[in-house]
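This is upload15.tsv (TSV, C-alpha atoms).
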chain	number	residue	atom	x	y	z
A	1	ALA	CA	219.58	30.87	120.76
A	2	GLN	CA	218.97	28.92	123.92
A	3	SER	CA	218.73	25.15	123.78
A	4	VAL	CA	218.75	22.08	125.99
A	5	ALA	CA	219.82	18.59	125.03
A	6	GLN	CA	218.90	15.41	126.82
A	7	PRO	CA	220.83	12.87	124.79
A	8	GLU	CA	219.14	9.75	126.16
A	9	ASP	CA	215.51	8.99	125.42
A	10	GLN	CA	215.52	6.33	128.12
A	11	VAL	CA	217.72	5.35	131.05
A	12	ASN	CA	217.41	1.93	132.63
A	13	VAL	CA	218.78	1.17	136.09
A	14	ALA	CA	218.27	-1.47	138.73
A	15	GLU	CA	216.73	-0.50	142.03
A	16	GLY	CA	219.41	0.43	144.55
A	17	ASN	CA	221.93	1.45	141.89
A	18	PRO	CA	222.97	5.05	141.27
A	19	LEU	CA	221.30	6.87	138.40
A	20	THR	CA	222.32	9.73	136.14
A	21	VAL	CA	220.13	11.60	133.69
A	22	LYS	CA	222.17	13.83	131.40
A	23	CYS	CA	221.51	17.40	130.35
A	24	THR	CA	223.60	19.88	128.42
A	25	TYR	CA	222.57	23.41	127.61
A	26	SER	CA	223.41	26.38	125.44
A	27	VAL	CA	222.54	29.87	126.61
A	28	SER	CA	224.04	33.31	126.41
A	29	GLY	CA	224.91	34.80	129.75
A	30	ASN	CA	224.40	33.10	133.07
A	31	PRO	CA	221.98	30.17	133.04
A	32	TYR	CA	219.13	29.35	135.35
A	33	LEU	CA	218.73	25.56	135.25
A	34	PHE	CA	215.85	23.39	136.39
A	35	TRP	CA	214.89	19.74	136.64
A	36	TYR	CA	211.28	18.60	136.59
A	37	VAL	CA	209.69	15.17	136.79
A	38	GLN	CA	206.41	14.13	135.19
A	39	TYR	CA	204.32	11.15	136.16
A	40	PRO	CA	201.62	9.80	133.80
A	41	ASN	CA	198.69	12.16	133.27
A	42	ARG	CA	200.19	14.72	135.60
A	43	GLY	CA	201.85	18.10	135.33
A	44	LEU	CA	205.51	18.84	135.95
A	45	GLN	CA	206.84	18.47	139.46
A	46	PHE	CA	209.80	20.62	140.50
A	47	LEU	CA	212.91	18.73	141.64
A	48	LEU	CA	215.68	21.31	141.89
A	49	LYS	CA	217.21	24.42	140.37
A	50	TYR	CA	220.55	26.13	139.96
A	51	ILE	CA	220.58	29.91	139.98
A	52	THR	CA	223.95	30.79	141.45
A	53	GLY	CA	226.35	29.62	144.14
A	54	ASP	CA	227.38	26.08	144.98
A	55	ASN	CA	227.70	23.91	141.88
A	56	LEU	CA	226.14	20.91	143.64
A	57	VAL	CA	222.44	21.40	144.12
A	58	LYS	CA	220.35	19.15	146.32
A	59	GLY	CA	216.67	18.75	145.62
A	60	SER	CA	213.57	16.78	146.42
A	61	TYR	CA	213.36	13.00	146.92
A	62	GLY	CA	217.14	12.56	147.26
A	63	PHE	CA	217.97	13.95	143.84
A	64	GLU	CA	220.91	16.23	143.21
A	65	ALA	CA	222.51	17.87	140.20
A	66	GLU	CA	225.91	19.28	139.45
A	67	PHE	CA	226.35	22.46	137.47
A	68	ASN	CA	229.45	22.31	135.27
A	69	LYS	CA	230.02	25.59	133.50
A	70	SER	CA	232.96	24.47	131.37
A	71	GLN	CA	231.03	21.48	130.04
A	72	THR	CA	227.69	23.36	130.01
A	73	SER	CA	226.10	20.41	131.76
A	74	PHE	CA	223.61	19.94	134.56
A	75	HIS	CA	223.27	16.20	135.08
A	76	LEU	CA	220.68	14.84	137.49
A	77	LYS	CA	221.85	12.17	139.92
A	78	LYS	CA	220.62	9.99	142.72
A	79	PRO	CA	222.81	7.61	144.75
A	80	SER	CA	220.23	4.84	145.06
A	81	ALA	CA	217.31	4.52	142.64
A	82	LEU	CA	213.79	3.49	143.66
A	83	VAL	CA	211.18	1.83	141.48
A	84	SER	CA	208.96	4.82	142.27
A	85	ASP	CA	211.51	7.10	140.56
A	86	SER	CA	210.36	5.69	137.21
A	87	ALA	CA	208.97	8.69	135.33
A	88	LEU	CA	209.75	11.25	132.63
A	89	TYR	CA	212.42	13.80	133.52
A	90	PHE	CA	212.85	17.21	131.94
A	91	CYS	CA	215.78	19.59	132.09
A	92	ALA	CA	215.03	23.27	131.41
A	93	VAL	CA	217.05	26.45	131.04
A	94	ARG	CA	216.62	30.16	130.74
A	95	ASN	CA	219.19	32.90	131.06
A	96	GLU	CA	218.99	35.55	133.71
A	97	ASP	CA	218.00	38.18	131.19
A	98	SER	CA	215.75	36.07	129.04
A	99	SER	CA	212.19	36.65	128.10
A	100	TYR	CA	210.75	34.78	131.09
A	101	LYS	CA	210.39	31.49	129.27
A	102	LEU	CA	211.84	28.10	130.00
A	103	ILE	CA	213.40	26.08	127.21
A	104	PHE	CA	212.88	22.39	127.85
A	105	GLY	CA	214.82	19.37	126.75
A	106	SER	CA	213.02	16.54	125.00
A	107	GLY	CA	212.77	14.52	128.18
A	108	THR	CA	214.35	11.28	129.41
A	109	ARG	CA	212.28	8.35	130.52
A	110	LEU	CA	213.76	6.70	133.58
A	111	LEU	CA	212.90	3.06	134.17
A	112	VAL	CA	214.00	1.54	137.46
A	113	ARG	CA	213.83	-2.27	137.54
A	114	PRO	CA	212.97	-4.02	140.80
B	1	LYS	CA	199.03	26.14	150.54
B	2	ALA	CA	197.01	25.40	147.42
B	3	GLY	CA	198.95	24.65	144.27
B	4	VAL	CA	198.31	25.77	140.72
B	5	THR	CA	194.79	24.86	139.67
B	6	GLN	CA	193.90	24.26	136.06
B	7	THR	CA	190.37	23.69	134.84
B	8	PRO	CA	189.00	21.71	133.23
B	9	ARG	CA	191.26	18.65	133.43
B	10	TYR	CA	189.94	17.16	130.19
B	11	LEU	CA	188.23	18.61	127.16
B	12	ILE	CA	187.03	17.19	123.88
B	13	LYS	CA	186.27	19.69	121.15
B	14	THR	CA	185.45	19.55	117.47
B	15	ARG	CA	187.60	21.07	114.74
B	16	GLY	CA	186.67	24.68	114.14
B	17	GLN	CA	185.39	25.29	117.66
B	18	GLN	CA	187.08	27.50	120.21
B	19	VAL	CA	188.14	26.68	123.75
B	20	THR	CA	189.05	28.55	126.92
B	21	LEU	CA	191.32	27.09	129.57
B	22	SER	CA	191.71	28.50	133.05
B	23	CYS	CA	194.62	28.70	135.47
B	24	SER	CA	194.62	29.87	139.07
B	25	PRO	CA	198.17	30.46	140.32
B	26	ILE	CA	199.50	29.99	143.81
B	27	SER	CA	198.34	32.78	146.06
B	28	GLY	CA	200.77	35.68	145.84
B	29	HIS	CA	202.30	34.58	142.55
B	30	ARG	CA	202.02	37.24	139.91
B	31	SER	CA	203.67	35.53	136.95
B	32	VAL	CA	201.74	32.96	134.95
B	33	SER	CA	203.14	31.06	131.96
B	34	TRP	CA	201.49	28.65	129.57
B	35	TYR	CA	203.11	25.69	127.81
B	36	GLN	CA	201.91	23.19	125.25
B	37	GLN	CA	203.09	19.60	125.53
B	38	THR	CA	202.79	17.20	122.60
B	39	PRO	CA	204.60	13.92	121.86
B	40	GLY	CA	206.08	15.34	118.68
B	41	GLN	CA	207.13	18.84	119.73
B	42	GLY	CA	207.66	18.35	123.44
B	43	LEU	CA	207.15	21.29	125.78
B	44	GLN	CA	206.78	24.61	124.05
B	45	PHE	CA	206.30	28.06	125.54
B	46	LEU	CA	203.07	29.84	124.64
B	47	PHE	CA	203.09	33.08	126.64
B	48	GLU	CA	203.81	34.65	130.00
B	49	TYR	CA	201.82	37.23	131.94
B	50	PHE	CA	202.79	39.42	134.85
B	51	SER	CA	200.42	41.86	136.49
B	52	GLU	CA	197.93	41.55	133.62
B	53	THR	CA	200.58	42.30	130.97
B	54	GLN	CA	201.83	39.82	128.41
B	55	ARG	CA	205.60	40.01	128.61
B	56	ASN	CA	206.47	37.42	126.02
B	57	LYS	CA	204.84	35.19	123.44
B	58	GLY	CA	206.09	32.01	121.84
B	59	ASN	CA	205.95	31.03	118.19
B	60	PHE	CA	202.30	30.10	117.94
B	61	PRO	CA	199.69	31.40	115.52
B	62	GLY	CA	197.35	34.20	116.48
B	63	ARG	CA	194.63	31.65	117.19
B	64	PHE	CA	196.31	31.21	120.54
B	65	SER	CA	195.69	34.06	122.94
B	66	GLY	CA	195.59	34.66	126.63
B	67	ARG	CA	194.95	37.14	129.35
B	68	GLN	CA	195.51	37.67	133.04
B	69	PHE	CA	193.10	39.18	135.50
B	70	SER	CA	193.78	41.48	138.43
B	71	ASN	CA	193.72	38.52	140.82
B	72	SER	CA	196.48	36.88	138.72
B	73	ARG	CA	194.18	34.17	137.38
B	74	SER	CA	194.85	33.54	133.73
B	75	GLU	CA	192.95	32.16	130.78
B	76	MET	CA	194.12	31.01	127.41
B	77	ASN	CA	191.92	30.77	124.38
B	78	VAL	CA	192.35	28.80	121.19
B	79	SER	CA	190.06	29.70	118.33
B	80	THR	CA	189.28	27.69	115.21
B	81	LEU	CA	190.66	24.50	116.67
B	82	GLU	CA	192.75	22.18	114.51
B	83	LEU	CA	193.52	18.52	115.07
B	84	GLY	CA	197.12	19.47	115.79
B	85	ASP	CA	196.04	21.53	118.79
B	86	SER	CA	195.41	18.31	120.69
B	87	ALA	CA	197.86	18.50	123.57
B	88	LEU	CA	198.39	18.82	127.28
B	89	TYR	CA	198.32	22.50	128.19
B	90	LEU	CA	200.30	23.35	131.28
B	91	CYS	CA	200.19	26.48	133.34
B	92	ALA	CA	203.05	27.53	135.61
B	93	SER	CA	203.10	30.21	138.25
B	94	SER	CA	206.05	32.01	139.78
B	95	LEU	CA	206.52	34.63	142.42
B	96	GLU	CA	208.50	36.70	139.94
B	97	ALA	CA	209.97	34.86	137.00
B	98	GLN	CA	212.70	37.41	136.38
B	99	ARG	CA	214.75	36.73	139.48
B	100	GLY	CA	215.07	32.99	139.10
B	101	TYR	CA	212.31	31.97	141.41
B	102	GLY	CA	211.03	28.50	140.65
B	103	TYR	CA	208.03	27.72	138.53
B	104	THR	CA	205.20	25.59	139.93
B	105	PHE	CA	203.15	23.75	137.36
B	106	GLY	CA	199.55	22.71	137.44
B	107	SER	CA	198.31	19.25	136.46
B	108	GLY	CA	197.35	20.50	133.04
B	109	THR	CA	194.33	20.45	130.77
B	110	ARG	CA	194.23	17.61	128.27
B	111	LEU	CA	192.62	18.94	125.09
B	112	THR	CA	191.51	16.52	122.41
B	113	VAL	CA	190.31	17.92	119.09
B	114	VAL	CA	188.27	15.54	116.95
Representation of the structure as structure tokens:
Amino acid sequence: AQSVAQPEDQVNVAEGNPLTVKCTYSVSGNPYLFWYVQYPNRGLQFLLKYITGDNLVKGSYGFEAEFNKSQTSFHLKKPSALVSDSALYFCAVRNEDSSYKLIFGSGTRLLVRP
Amino acid sequence: KAGVTQTPRYLIKTRGQQVTLSCSPISGHRSVSWYQQTPGQGLQFLFEYFSETQRNKGNFPGRFSGRQFSNSRSEMNVSTLELGDSALYLCASSLEAQRGYGYTFGSGTRLTVV
């Protein structure tokens, strides 16, 4: 069965510091991995995805993520956090042969302090 | 280019009633998925449609149903509403979910059952 784990309910960082939001996954076959961000009372906004190729994926708003197959991880990173990055972040996975559905992690709330 | 449009944005219904939610995907996108988001269960897959055919359904009771029209617009229906159906319902469209294209989400419909 496919699953996604986001081990931290909340991540706190100071503005200007690097941030990491962790995600590990379990899927049979090759994974398709996604990161989304959600602001209050809004839908999910796409940040980046890994389908194949380079393990380091660059996305929107300066975010990037590194696919690590041996550790089954896909951590989201940003070199310098902004207060406006404060939001709820979701990691999602599906395998290339799956039944067209995304499996989401439980979400990590990022709080960036001024 | 217009994004994914979900209507209405907010709904209040009474237990036992039924409700229909609408989703207009991005022009040219043929895959539409529906997700339920609640604080307790997180984001859960409801169903996915492609070219008017339901390709997969999540683990929800038969009270939850959907359909897709020839113009790719989709509706989901919930009959005999229960208090636990209160949630944010999100629609996502994709060019073709199978090949790892990204999913674009709408802003959601917030359903409150009283």
(message) If the cut-off is 9 Å, can you tell me the residues of chain B near chain A, counting all atoms listed in the file? I'd like them as a ChimeraX atom specification.
(response) /B:33,41-48,55-58,88,90-91,97-108,110
(request) Please measure the separation of atom CA of Ser24 of chain B and atom CA of Cys91 of chain A, giving the value in Å to one decimal. (result) 24.5 Å
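By chain and then residue number, the residues within 7 Å of Leu110 of chain A are Gln10, Val11, Asn12, Ser86, Ala87 and Leu88 of chain A, counting only C-alpha atoms and disregarding those fewer than 5 positions away in sequence.
The interatomic distance for the pair atom CA of Arg113 of chain A and atom CA of Leu19 of chain A works out to 11.8 Å.
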(message) (226.5, 29.2, 126.4) in this file's frame - what residues fall within 10 Å of it? Use all atoms listed in the file and give the answer as a ChimeraX atom specification.
(response) /A:1-3,24-31,69-72,95
Might I get the box with edges along x, y and z of the file that holds all atoms of segment 51-67 of chain A listed there, padded by 5 Å on every side, given as centre and edge lengths in Å to one decimal, as lines of an AutoDock Vina configuration file?
center_x = 220.5
center_y = 21.7
center_z = 142.4
size_x = 24.3
size_y = 28.2
size_z = 19.8
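One distance worth recording is that between atom CA of Asn68 of chain A and atom CA of Arg109 of chain A, which is 22.6 Å.
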With only C-alpha atoms as the counted atoms, please give the residues lying no more than 6 Å from segment 2-17 of chain B, apart from itself and same-chain residues fewer than 3 positions off, as a PDB file with C-alpha atoms, in the coordinates of the input.
ATOM      1  CA  SER B  22     191.710  28.500 133.050  1.00  0.00           C
ATOM      2  CA  CYS B  23     194.620  28.700 135.470  1.00  0.00           C
ATOM      3  CA  SER B  24     194.620  29.870 139.070  1.00  0.00           C
ATOM      4  CA  PRO B  25     198.170  30.460 140.320  1.00  0.00           C
ATOM      5  CA  ILE B  26     199.500  29.990 143.810  1.00  0.00           C
ATOM      6  CA  THR B  80     189.280  27.690 115.210  1.00  0.00           C
ATOM      7  CA  LEU B  81     190.660  24.500 116.670  1.00  0.00           C
ATOM      8  CA  GLU B  82     192.750  22.180 114.510  1.00  0.00           C
ATOM      9  CA  GLY B 106     199.550  22.710 137.440  1.00  0.00           C
ATOM     10  CA  GLY B 108     197.350  20.500 133.040  1.00  0.00           C
ATOM     11  CA  THR B 109     194.330  20.450 130.770  1.00  0.00           C
ATOM     12  CA  ARG B 110     194.230  17.610 128.270  1.00  0.00           C
ATOM     13  CA  LEU B 111     192.620  18.940 125.090  1.00  0.00           C
ATOM     14  CA  THR B 112     191.510  16.520 122.410  1.00  0.00           C
ATOM     15  CA  VAL B 113     190.310  17.920 119.090  1.00  0.00           C
ATOM     16  CA  VAL B 114     188.270  15.540 116.950  1.00  0.00           C
TER      17      VAL B 114
END
(request) For segment 55-67 of chain A, please output as an NGL selection string all residues within 7 Å (counting only C-alpha atoms; exclusion window: fewer than 6 positions along the same chain). (result) :A and (47-48 or 73-78)
(request) Within 10 Å of Phe50 of chain B, counting all atoms listed in the file, which residues show up once you throw out same-chain ones fewer than 5 positions away? Write them as a PyMOL selection string, please. (result) (chain A and resi 100) or (chain B and resi 29-33+55-56+67-70+72+74+93-97)
(message) as a PyMOL selection string, please: the residues near Phe64 of chain B (cut-off 7 Å, only C-alpha atoms, same-chain neighbours under 3 positions excluded).
(response) chain B and resi 60-61+77-79
